[in-house]
Amino acid sequence: MHFNSFCRWLFLWTVVCLPVLPLATHAQQKLKWAHVYESAEPYHTESVWAAEEIKKRSKGKFDIQVFPASSLGKETDLNQGLMLGSVDIMIGGPSFAARSYPRFGIAYYPFIFRDGEHLLAYSKSSLFQEMVNEFRQKTGIQVTAYTYYGARHTTANKTFNQCADIKGLKIRVPDAPAYTATWQACGANPTPIAFAEVYLALQNGTVDAQENPLTTIEAKKFFEVQKSIMLTGHIVDGLITMVAPHVWSNLSPAEQKMFGEVMQEAATRASAKVKKREAELIDFFKKKGLNVVEVNRKSFQDSVLKNKPVESMKLERADYDRVQAVK
């Protein structure tokens with residue numbers, strides 16, 4: 001056989017006989033999504049939906065496991081974990097993120113929001129987008145969504161109607177300064193206790209009262225160890241979804257867009273479920289034998305404005321005014 005013919009034969013034989021190798025696939029990224037809420041709550045169920053949706057839309061590239069009920073730590077730990085790299089995604093209160101970016105704290109000034117719709121309008125405002133961008137520039141963390149958490153009301157074994165009635169009341173609050181303002185303004189004794197420990201603290205009398213949205217009072221079964229619910233509505237609360245710097249900075253622009261869209265859809269779904277359930281719970285608690293009390297909210301609001309003005313909480317009056325103007 002001529003040498004050139006032999007080479008052509010050898011090349012063809014090699015092409016035909018070599019095993020067909022699969023096309024290279026992307027390495028799967030396993031991510032941890034953490035929060036402190038119960039597995040039955042919409043914050044968890046919609047986070048699980050979002051994790052599955054991201055996996056589907058990325059064709060399996062991102063495999064996200066959601067860890068509920070403080071299983072990876074309390075809220076302070078999770079916020080630190082975003083920066084340390086031990087947590088990849090979390091959903092939690094912006095009051096904790098406000099420790100590293102104080103402007104977020106304006107959403108926790110008591111009575112700043114008229115209702116849940118006002119909060120969600122704020123989450124879509126140019127003011128909030130400005131804050132999101134500044135927060136990312138400072139920390140590298142990307143806020144992708146805002147979920148309505150509910151109006152915070154108060155449970156206790158004794159009823160009260162106005163600010164003057166709660167002097168000396170020992171009330172559990174989250175470990176963030178924004179939550180203490182209403183109670184300090186009225187002379188109560190706000191006591192920070194980790195979320196996972198609140199039921200036991202109420203049961204054994206470590207504290208007399210606590211404050212949370214109705215949906216959380218139901219999910220955490222606080223109504224089992226308290227006799228009354230006062231509809232203080234002192235804070236209209238929300239949760240932000242955050243992606244850690246080590247994750248966000250490595251996503252392509254298309255992946256960032258997809259993460260944001262899915263997480264916002266999950267937040268919208270969770271917000272709708274919370275609003276629906278909130279409306280049903282007054283009758284639920286009454287049927288459980290609890291006293292449900294409409295308080296004089298103005299007495300609380302007036303005391304806050306007098307004793308805890310915006311500036312005293314190191315918040316900007318300009319931000320307060322811009323929130324008030326949001327429609």
# chains A, B, ... in the order shown; residues from 1 in each chain; ligands from 1

$ select_by_dssp --residues "segment 190-287 of chain A" --states "strand (DSSP E)" --output "list in words"
Pro190, Thr191, Pro192, Ala209, Gln210, Glu211, Asn212, Pro213, Ser228, Ile229, Met230, Leu231, Thr232, Gly233, His234, Ile235, Val236, Asp237, Gly238, Leu239, Ile240, Thr241, Met242 and Val243 of chain A

$ write_last_selection --atoms "N, CA and C atoms" --output "PDB file, in the first residue's frame"
ATOM      1  N   PRO A 190     -38.180  45.883  76.582  1.00  0.00           N
ATOM      2  CA  PRO A 190     -37.926  44.973  75.464  1.00  0.00           C
ATOM      3  C   PRO A 190     -36.706  44.093  75.724  1.00  0.00           C
ATOM      4  N   THR A 191     -36.862  42.787  75.463  1.00  0.00           N
ATOM      5  CA  THR A 191     -35.822  41.807  75.785  1.00  0.00           C
ATOM      6  C   THR A 191     -35.505  40.951  74.564  1.00  0.00           C
ATOM      7  N   PRO A 192     -34.307  41.101  73.986  1.00  0.00           N
ATOM      8  CA  PRO A 192     -33.961  40.272  72.822  1.00  0.00           C
ATOM      9  C   PRO A 192     -33.784  38.802  73.205  1.00  0.00           C
ATOM     10  N   ALA A 209     -44.564  38.821  77.143  1.00  0.00           N
ATOM     11  CA  ALA A 209     -45.224  39.093  75.868  1.00  0.00           C
ATOM     12  C   ALA A 209     -44.223  38.941  74.723  1.00  0.00           C
ATOM     13  N   GLN A 210     -44.752  38.934  73.510  1.00  0.00           N
ATOM     14  CA  GLN A 210     -43.905  38.933  72.304  1.00  0.00           C
ATOM     15  C   GLN A 210     -44.693  39.625  71.202  1.00  0.00           C
ATOM     16  N   GLU A 211     -44.003  39.965  70.103  1.00  0.00           N
ATOM     17  CA  GLU A 211     -44.691  40.609  68.976  1.00  0.00           C
ATOM     18  C   GLU A 211     -44.220  39.961  67.680  1.00  0.00           C
ATOM     19  N   ASN A 212     -45.192  39.639  66.827  1.00  0.00           N
ATOM     20  CA  ASN A 212     -44.932  38.998  65.537  1.00  0.00           C
ATOM     21  C   ASN A 212     -46.185  39.110  64.675  1.00  0.00           C
ATOM     22  N   PRO A 213     -46.076  38.892  63.381  1.00  0.00           N
ATOM     23  CA  PRO A 213     -47.285  38.828  62.555  1.00  0.00           C
ATOM     24  C   PRO A 213     -48.186  37.668  62.971  1.00  0.00           C
ATOM     25  N   SER A 228     -53.967  36.575  75.028  1.00  0.00           N
ATOM     26  CA  SER A 228     -54.539  37.719  74.322  1.00  0.00           C
ATOM     27  C   SER A 228     -53.655  38.154  73.154  1.00  0.00           C
ATOM     28  N   ILE A 229     -54.311  38.718  72.129  1.00  0.00           N
ATOM     29  CA  ILE A 229     -53.596  39.322  71.006  1.00  0.00           C
ATOM     30  C   ILE A 229     -54.077  40.760  70.877  1.00  0.00           C
ATOM     31  N   MET A 230     -53.127  41.693  70.975  1.00  0.00           N
ATOM     32  CA  MET A 230     -53.421  43.116  70.799  1.00  0.00           C
ATOM     33  C   MET A 230     -52.984  43.527  69.389  1.00  0.00           C
ATOM     34  N   LEU A 231     -53.908  44.101  68.628  1.00  0.00           N
ATOM     35  CA  LEU A 231     -53.624  44.434  67.223  1.00  0.00           C
ATOM     36  C   LEU A 231     -52.896  45.772  67.136  1.00  0.00           C
ATOM     37  N   THR A 232     -51.644  45.758  67.583  1.00  0.00           N
ATOM     38  CA  THR A 232     -50.842  46.981  67.612  1.00  0.00           C
ATOM     39  C   THR A 232     -50.392  47.404  66.210  1.00  0.00           C
ATOM     40  N   GLY A 233     -50.075  46.454  65.335  1.00  0.00           N
ATOM     41  CA  GLY A 233     -49.648  46.779  63.980  1.00  0.00           C
ATOM     42  C   GLY A 233     -48.530  47.801  63.936  1.00  0.00           C
ATOM     43  N   HIS A 234     -47.631  47.749  64.912  1.00  0.00           N
ATOM     44  CA  HIS A 234     -46.611  48.798  65.070  1.00  0.00           C
ATOM     45  C   HIS A 234     -45.553  48.789  63.971  1.00  0.00           C
ATOM     46  N   ILE A 235     -45.293  47.617  63.411  1.00  0.00           N
ATOM     47  CA  ILE A 235     -44.363  47.512  62.284  1.00  0.00           C
ATOM     48  C   ILE A 235     -45.010  46.647  61.214  1.00  0.00           C
ATOM     49  N   VAL A 236     -45.041  47.148  59.989  1.00  0.00           N
ATOM     50  CA  VAL A 236     -45.447  46.340  58.837  1.00  0.00           C
ATOM     51  C   VAL A 236     -44.154  45.785  58.265  1.00  0.00           C
ATOM     52  N   ASP A 237     -44.003  44.482  58.391  1.00  0.00           N
ATOM     53  CA  ASP A 237     -42.687  43.861  58.214  1.00  0.00           C
ATOM     54  C   ASP A 237     -42.530  43.172  56.870  1.00  0.00           C
ATOM     55  N   GLY A 238     -41.311  43.070  56.430  1.00  0.00           N
ATOM     56  CA  GLY A 238     -40.991  42.361  55.194  1.00  0.00           C
ATOM     57  C   GLY A 238     -39.701  41.578  55.329  1.00  0.00           C
ATOM     58  N   LEU A 239     -39.443  40.723  54.374  1.00  0.00           N
ATOM     59  CA  LEU A 239     -38.210  39.931  54.332  1.00  0.00           C
ATOM     60  C   LEU A 239     -37.538  40.169  52.986  1.00  0.00           C
ATOM     61  N   ILE A 240     -36.217  40.212  52.994  1.00  0.00           N
ATOM     62  CA  ILE A 240     -35.496  40.340  51.734  1.00  0.00           C
ATOM     63  C   ILE A 240     -34.765  39.033  51.423  1.00  0.00           C
ATOM     64  N   THR A 241     -34.725  38.710  50.140  1.00  0.00           N
ATOM     65  CA  THR A 241     -33.950  37.571  49.666  1.00  0.00           C
ATOM     66  C   THR A 241     -32.583  38.100  49.247  1.00  0.00           C
ATOM     67  N   MET A 242     -31.515  37.464  49.734  1.00  0.00           N
ATOM     68  CA  MET A 242     -30.153  37.940  49.483  1.00  0.00           C
ATOM     69  C   MET A 242     -29.280  36.813  48.951  1.00  0.00           C
ATOM     70  N   VAL A 243     -28.458  37.146  47.957  1.00  0.00           N
ATOM     71  CA  VAL A 243     -27.509  36.189  47.386  1.00  0.00           C
ATOM     72  C   VAL A 243     -26.103  36.641  47.770  1.00  0.00           C
TER      73      VAL A 243
END

$ closest_atom_pairs --of "segment 192-248 of chain A" --to "segment 37-49 of chain A" --cutoff "10 Å" --atoms "only C-alpha atoms" --output "Markdown table"
| residue | atom | partner | partner_atom | distance |
| --- | --- | --- | --- | --- |
| A:Phe195 | CA | A:Tyr37 | CA | 8.9 |
| A:Ala196 | CA | A:Tyr37 | CA | 9.0 |
| A:Thr215 | CA | A:Glu41 | CA | 8.1 |
| A:Thr216 | CA | A:Glu41 | CA | 8.2 |
| A:Glu218 | CA | A:Glu41 | CA | 9.9 |
| A:Ala219 | CA | A:Glu38 | CA | 6.9 |
| A:Lys220 | CA | A:Glu38 | CA | 7.6 |
| A:Leu239 | CA | A:Tyr43 | CA | 8.8 |
| A:Thr241 | CA | A:Ser47 | CA | 9.4 |

$ write_last_selection --atoms "C-alpha atoms" --output "CSV table (one decimal), in the first residue's frame"
chain,number,residue,atom,x,y,z
A,195,PHE,CA,-36.5,33.4,67.5
A,196,ALA,CA,-36.1,29.6,68.1
A,215,THR,CA,-49.1,34.1,60.6
A,216,THR,CA,-46.0,33.6,62.7
A,218,GLU,CA,-50.0,30.7,64.4
A,219,ALA,CA,-46.9,28.8,62.9
A,220,LYS,CA,-44.9,29.0,66.1
A,239,LEU,CA,-38.2,39.9,54.3
A,241,THR,CA,-34.0,37.6,49.7

$ residues_around --residues "His246 of chain A" --least-positions-apart "3" --cutoff "8 Å" --atoms "only C-alpha atoms" --output "MDAnalysis selection string"
chainID A and resid 85 88 249:250

$ atom_distance --atom1 "atom CA of Trp183 of chain A" --atom2 "atom CA of Val295 of chain A"
14.5 Å

$ residues_around --residues "segment 115-123 of chain A" --least-positions-apart "2" --cutoff "8 Å" --atoms "only C-alpha atoms" --output "PyMOL selection string"
chain A and resi 113+125+127-129+146-148+150-151+236-238+323+326-327

$ write_last_selection --atoms "C-alpha atoms" --output "CSV table (one decimal), in the first residue's frame"
chain,number,residue,atom,x,y,z
A,113,PHE,CA,-46.0,52.0,56.4
A,125,SER,CA,-39.6,52.3,44.4
A,127,LEU,CA,-35.6,54.8,46.8
A,128,PHE,CA,-35.3,51.1,47.6
A,129,GLN,CA,-33.4,50.3,44.3
A,146,TYR,CA,-38.9,41.7,49.0
A,147,THR,CA,-41.6,39.5,50.6
A,148,TYR,CA,-44.5,40.8,52.8
A,150,GLY,CA,-47.1,40.8,57.9
A,151,ALA,CA,-48.1,43.5,60.3
A,236,VAL,CA,-45.4,46.3,58.8
A,237,ASP,CA,-42.7,43.9,58.2
A,238,GLY,CA,-41.0,42.4,55.2
A,323,VAL,CA,-41.1,56.4,52.1
A,326,VAL,CA,-44.5,56.3,48.0
A,327,LYS,CA,-47.9,55.5,46.6

$ atom_distance --atom1 "atom CA of Gln28 of chain A" --atom2 "atom CA of Gln65 of chain A"
12.9 Å

$ select_by_dssp --residues "segment 164-307 of chain A" --states "alpha helix (DSSP H)" --output "JSON, numbers by chain"
{"A": [181, 182, 183, 184, 185, 198, 199, 200, 201, 202, 203, 214, 215, 216, 217, 218, 219, 245, 246, 247, 248, 253, 254, 255, 256, 257, 258, 259, 260, 261, 262, 263, 264, 265, 266, 267, 268, 269, 270, 271, 272, 273, 274, 275, 276, 277, 278, 279, 280, 281, 282, 283, 284, 285, 286, 287, 297, 298, 299, 300, 301, 302, 303, 304, 305, 306, 307]}

$ closest_atom_pairs --of "segment 234-324 of chain A" --to "segment 170-182 of chain A" --cutoff "12 Å" --atoms "only C-alpha atoms" --output "JSON lines"
{"residue": "A:His234", "atom": "CA", "partner": "A:Thr182", "partner_atom": "CA", "distance": 7.3}
{"residue": "A:Ile235", "atom": "CA", "partner": "A:Tyr179", "partner_atom": "CA", "distance": 8.3}
{"residue": "A:Val236", "atom": "CA", "partner": "A:Tyr179", "partner_atom": "CA", "distance": 11.4}
{"residue": "A:Asp237", "atom": "CA", "partner": "A:Tyr179", "partner_atom": "CA", "distance": 10.6}
{"residue": "A:Arg297", "atom": "CA", "partner": "A:Thr182", "partner_atom": "CA", "distance": 10.9}
{"residue": "A:Lys298", "atom": "CA", "partner": "A:Thr182", "partner_atom": "CA", "distance": 11.8}
{"residue": "A:Ser299", "atom": "CA", "partner": "A:Thr182", "partner_atom": "CA", "distance": 10.6}
{"residue": "A:Phe300", "atom": "CA", "partner": "A:Thr182", "partner_atom": "CA", "distance": 6.9}
{"residue": "A:Gln301", "atom": "CA", "partner": "A:Thr182", "partner_atom": "CA", "distance": 7.9}
{"residue": "A:Asp302", "atom": "CA", "partner": "A:Thr182", "partner_atom": "CA", "distance": 10.0}
{"residue": "A:Ser303", "atom": "CA", "partner": "A:Thr182", "partner_atom": "CA", "distance": 7.8}
{"residue": "A:Val304", "atom": "CA", "partner": "A:Thr182", "partner_atom": "CA", "distance": 5.8}
{"residue": "A:Leu305", "atom": "CA", "partner": "A:Thr182", "partner_atom": "CA", "distance": 9.5}
{"residue": "A:Lys306", "atom": "CA", "partner": "A:Thr182", "partner_atom": "CA", "distance": 10.9}
{"residue": "A:Asn307", "atom": "CA", "partner": "A:Ala181", "partner_atom": "CA", "distance": 8.7}
{"residue": "A:Lys308", "atom": "CA", "partner": "A:Ala181", "partner_atom": "CA", "distance": 6.4}
{"residue": "A:Pro309", "atom": "CA", "partner": "A:Ala181", "partner_atom": "CA", "distance": 9.4}
{"residue": "A:Val310", "atom": "CA", "partner": "A:Ala181", "partner_atom": "CA", "distance": 10.2}
{"residue": "A:Ser312", "atom": "CA", "partner": "A:Ala181", "partner_atom": "CA", "distance": 10.0}
{"residue": "A:Met313", "atom": "CA", "partner": "A:Ala178", "partner_atom": "CA", "distance": 7.8}
{"residue": "A:Lys314", "atom": "CA", "partner": "A:Ala178", "partner_atom": "CA", "distance": 10.4}
{"residue": "A:Leu315", "atom": "CA", "partner": "A:Ala178", "partner_atom": "CA", "distance": 10.3}

$ write_last_selection --atoms "C-alpha atoms" --output "JSON list (two decimals), in the first residue's frame"
[["chain", "number", "residue", "atom", "x", "y", "z"],
["A", 234, "HIS", "CA", -46.61, 48.80, 65.07],
["A", 235, "ILE", "CA", -44.36, 47.51, 62.28],
["A", 236, "VAL", "CA", -45.45, 46.34, 58.84],
["A", 237, "ASP", "CA", -42.69, 43.86, 58.21],
["A", 297, "ARG", "CA", -52.72, 52.80, 67.89],
["A", 298, "LYS", "CA", -52.44, 56.59, 67.88],
["A", 299, "SER", "CA", -51.34, 56.56, 71.54],
["A", 300, "PHE", "CA", -48.40, 54.36, 70.55],
["A", 301, "GLN", "CA", -47.58, 56.33, 67.42],
["A", 302, "ASP", "CA", -47.61, 59.67, 69.24],
["A", 303, "SER", "CA", -45.26, 58.32, 71.92],
["A", 304, "VAL", "CA", -42.83, 57.01, 69.30],
["A", 305, "LEU", "CA", -42.76, 60.31, 67.39],
["A", 306, "LYS", "CA", -42.17, 62.18, 70.65],
["A", 307, "ASN", "CA", -39.75, 59.87, 72.45],
["A", 308, "LYS", "CA", -38.03, 58.09, 69.53],
["A", 309, "PRO", "CA", -37.83, 60.56, 66.63],
["A", 310, "VAL", "CA", -36.38, 59.35, 63.33],
["A", 312, "SER", "CA", -32.61, 59.44, 67.37],
["A", 313, "MET", "CA", -32.52, 56.04, 65.65],
["A", 314, "LYS", "CA", -29.74, 57.27, 63.32],
["A", 315, "LEU", "CA", -32.12, 57.26, 60.37]]

$ closest_residue --among "A:Cys186, A:Ile54, A:Ala244, A:Ile193" --to "Leu78 of chain A" --atoms "only C-alpha atoms"
A:Ala244

$ residues_around --residues "Glu134 of chain A" --least-positions-apart "3" --cutoff "12 Å" --atoms "only C-alpha atoms" --output "VMD selection string"
chain A and resid 100 to 104 127 to 131 137 to 143

$ write_last_selection --atoms "N, CA and C atoms" --output "CSV table (one decimal), in the first residue's frame"
chain,number,residue,atom,x,y,z
A,100,SER,N,-25.0,46.4,58.8
A,100,SER,CA,-23.9,46.8,58.0
A,100,SER,C,-24.3,47.9,57.0
A,101,TYR,N,-25.6,48.1,56.8
A,101,TYR,CA,-26.1,49.1,55.9
A,101,TYR,C,-27.3,49.8,56.6
A,102,PRO,N,-27.1,50.8,57.4
A,102,PRO,CA,-28.1,51.4,58.3
A,102,PRO,C,-29.3,51.9,57.5
A,103,ARG,N,-29.2,52.3,56.3
A,103,ARG,CA,-30.4,52.9,55.6
A,103,ARG,C,-31.6,52.0,55.5
A,104,PHE,N,-31.3,50.6,55.4
A,104,PHE,CA,-32.4,49.7,55.4
A,104,PHE,C,-33.3,49.8,56.6
A,127,LEU,N,-36.3,54.7,45.6
A,127,LEU,CA,-35.6,54.8,46.8
A,127,LEU,C,-35.0,53.4,47.2
A,128,PHE,N,-35.8,52.4,47.2
A,128,PHE,CA,-35.3,51.1,47.6
A,128,PHE,C,-34.3,50.5,46.6
A,129,GLN,N,-34.4,50.8,45.3
A,129,GLN,CA,-33.4,50.3,44.3
A,129,GLN,C,-32.1,51.0,44.6
A,130,GLU,N,-32.2,52.3,45.0
A,130,GLU,CA,-31.0,53.0,45.3
A,130,GLU,C,-30.3,52.4,46.5
A,131,MET,N,-31.0,52.0,47.5
A,131,MET,CA,-30.5,51.3,48.7
A,131,MET,C,-29.9,49.9,48.3
A,137,GLN,N,-22.8,47.5,46.6
A,137,GLN,CA,-21.4,48.1,46.4
A,137,GLN,C,-20.6,48.0,47.7
A,138,LYS,N,-21.3,48.1,48.8
A,138,LYS,CA,-20.6,48.1,50.1
A,138,LYS,C,-20.3,46.6,50.6
A,139,THR,N,-21.2,45.7,50.3
A,139,THR,CA,-21.0,44.3,50.9
A,139,THR,C,-20.8,43.2,49.8
A,140,GLY,N,-21.2,43.5,48.6
A,140,GLY,CA,-21.2,42.5,47.5
A,140,GLY,C,-22.4,41.6,47.5
A,141,ILE,N,-23.3,41.8,48.5
A,141,ILE,CA,-24.6,41.0,48.6
A,141,ILE,C,-25.6,41.6,47.7
A,142,GLN,N,-26.3,40.8,47.0
A,142,GLN,CA,-27.4,41.2,46.1
A,142,GLN,C,-28.7,40.9,46.7
A,143,VAL,N,-29.5,41.9,46.8
A,143,VAL,CA,-30.9,41.8,47.2
A,143,VAL,C,-31.8,41.5,46.0

$ residues_around --residues "Asn204 of chain A" --least-positions-apart "6" --cutoff "12 Å" --atoms "only C-alpha atoms" --output "mmCIF file with N, CA and C atoms, in the first residue's frame"
data_model
loop_
_atom_site.group_PDB
_atom_site.id
_atom_site.type_symbol
_atom_site.label_atom_id
_atom_site.label_comp_id
_atom_site.auth_asym_id
_atom_site.auth_seq_id
_atom_site.Cartn_x
_atom_site.Cartn_y
_atom_site.Cartn_z
ATOM 1 N N GLU A 197 -36.170 30.339 70.458
ATOM 2 C CA GLU A 197 -36.328 30.146 71.908
ATOM 3 C C GLU A 197 -37.546 30.873 72.486
ATOM 4 N N VAL A 198 -38.341 31.521 71.619
ATOM 5 C CA VAL A 198 -39.416 32.385 72.121
ATOM 6 C C VAL A 198 -40.529 31.595 72.804
ATOM 7 N N VAL A 225 -49.469 29.543 74.538
ATOM 8 C CA VAL A 225 -48.898 29.977 75.821
ATOM 9 C C VAL A 225 -49.182 31.459 76.091
ATOM 10 N N GLN A 226 -50.159 32.043 75.384
ATOM 11 C CA GLN A 226 -50.570 33.432 75.588
ATOM 12 C C GLN A 226 -52.101 33.491 75.509
#

$ atom_distance --atom1 "atom CA of Leu202 of chain A" --atom2 "atom CA of Asp165 of chain A"
19.5 Å

$ decode --residues "segment 233-316 of chain A" --atoms "C-alpha atoms" --output "JSON list (two decimals), in the first residue's frame"
[["chain", "number", "residue", "atom", "x", "y", "z"],
["A", 233, "GLY", "CA", -49.65, 46.78, 63.98],
["A", 234, "HIS", "CA", -46.61, 48.80, 65.07],
["A", 235, "ILE", "CA", -44.36, 47.51, 62.28],
["A", 236, "VAL", "CA", -45.45, 46.34, 58.84],
["A", 237, "ASP", "CA", -42.69, 43.86, 58.21],
["A", 238, "GLY", "CA", -40.99, 42.36, 55.19],
["A", 239, "LEU", "CA", -38.21, 39.93, 54.33],
["A", 240, "ILE", "CA", -35.50, 40.34, 51.73],
["A", 241, "THR", "CA", -33.95, 37.57, 49.67],
["A", 242, "MET", "CA", -30.15, 37.94, 49.48],
["A", 243, "VAL", "CA", -27.51, 36.19, 47.39],
["A", 244, "ALA", "CA", -23.97, 36.02, 48.78],
["A", 245, "PRO", "CA", -21.11, 37.88, 47.04],
["A", 246, "HIS", "CA", -19.19, 34.68, 46.22],
["A", 247, "VAL", "CA", -22.25, 33.38, 44.34],
["A", 248, "TRP", "CA", -23.59, 36.55, 42.70],
["A", 249, "SER", "CA", -20.23, 37.72, 41.34],
["A", 250, "ASN", "CA", -19.73, 34.36, 39.58],
["A", 251, "LEU", "CA", -23.11, 34.31, 37.85],
["A", 252, "SER", "CA", -23.35, 35.37, 34.22],
["A", 253, "PRO", "CA", -25.64, 38.35, 33.48],
["A", 254, "ALA", "CA", -28.25, 35.90, 32.15],
["A", 255, "GLU", "CA", -28.01, 33.79, 35.32],
["A", 256, "GLN", "CA", -28.29, 36.90, 37.51],
["A", 257, "LYS", "CA", -31.44, 37.91, 35.62],
["A", 258, "MET", "CA", -32.90, 34.42, 36.00],
["A", 259, "PHE", "CA", -32.13, 34.26, 39.75],
["A", 260, "GLY", "CA", -33.75, 37.66, 40.24],
["A", 261, "GLU", "CA", -36.88, 36.79, 38.26],
["A", 262, "VAL", "CA", -37.44, 33.47, 40.03],
["A", 263, "MET", "CA", -36.81, 34.89, 43.50],
["A", 264, "GLN", "CA", -39.14, 37.83, 42.85],
["A", 265, "GLU", "CA", -41.85, 35.45, 41.64],
["A", 266, "ALA", "CA", -41.42, 33.38, 44.81],
["A", 267, "ALA", "CA", -41.70, 36.55, 46.92],
["A", 268, "THR", "CA", -44.88, 37.61, 45.11],
["A", 269, "ARG", "CA", -46.42, 34.16, 45.66],
["A", 270, "ALA", "CA", -45.45, 34.12, 49.35],
["A", 271, "SER", "CA", -46.76, 37.68, 49.90],
["A", 272, "ALA", "CA", -50.16, 36.72, 48.45],
["A", 273, "LYS", "CA", -50.39, 33.66, 50.71],
["A", 274, "VAL", "CA", -49.44, 35.68, 53.80],
["A", 275, "LYS", "CA", -52.03, 38.39, 53.09],
["A", 276, "LYS", "CA", -54.74, 35.78, 52.54],
["A", 277, "ARG", "CA", -53.92, 33.89, 55.74],
["A", 278, "GLU", "CA", -53.58, 37.05, 57.79],
["A", 279, "ALA", "CA", -57.16, 37.95, 56.90],
["A", 280, "GLU", "CA", -58.41, 34.57, 58.13],
["A", 281, "LEU", "CA", -56.56, 34.41, 61.43],
["A", 282, "ILE", "CA", -58.58, 36.83, 63.58],
["A", 283, "ASP", "CA", -61.49, 34.36, 63.61],
["A", 284, "PHE", "CA", -59.08, 31.44, 64.06],
["A", 285, "PHE", "CA", -57.63, 32.95, 67.24],
["A", 286, "LYS", "CA", -61.05, 33.92, 68.59],
["A", 287, "LYS", "CA", -62.20, 30.32, 68.12],
["A", 288, "LYS", "CA", -59.12, 29.22, 70.07],
["A", 289, "GLY", "CA", -60.43, 31.30, 72.99],
["A", 290, "LEU", "CA", -58.00, 34.21, 72.78],
["A", 291, "ASN", "CA", -58.96, 37.80, 73.48],
["A", 292, "VAL", "CA", -58.38, 39.88, 70.32],
["A", 293, "VAL", "CA", -58.09, 43.57, 71.22],
["A", 294, "GLU", "CA", -58.25, 46.64, 68.94],
["A", 295, "VAL", "CA", -55.84, 49.04, 70.65],
["A", 296, "ASN", "CA", -55.52, 52.82, 70.47],
["A", 297, "ARG", "CA", -52.72, 52.80, 67.89],
["A", 298, "LYS", "CA", -52.44, 56.59, 67.88],
["A", 299, "SER", "CA", -51.34, 56.56, 71.54],
["A", 300, "PHE", "CA", -48.40, 54.36, 70.55],
["A", 301, "GLN", "CA", -47.58, 56.33, 67.42],
["A", 302, "ASP", "CA", -47.61, 59.67, 69.24],
["A", 303, "SER", "CA", -45.26, 58.32, 71.92],
["A", 304, "VAL", "CA", -42.83, 57.01, 69.30],
["A", 305, "LEU", "CA", -42.76, 60.31, 67.39],
["A", 306, "LYS", "CA", -42.17, 62.18, 70.65],
["A", 307, "ASN", "CA", -39.75, 59.87, 72.45],
["A", 308, "LYS", "CA", -38.03, 58.09, 69.53],
["A", 309, "PRO", "CA", -37.83, 60.56, 66.63],
["A", 310, "VAL", "CA", -36.38, 59.35, 63.33],
["A", 311, "GLU", "CA", -33.03, 61.05, 63.92],
["A", 312, "SER", "CA", -32.61, 59.44, 67.37],
["A", 313, "MET", "CA", -32.52, 56.04, 65.65],
["A", 314, "LYS", "CA", -29.74, 57.27, 63.32],
["A", 315, "LEU", "CA", -32.12, 57.26, 60.37],
["A", 316, "GLU", "CA", -32.43, 59.93, 57.70]]
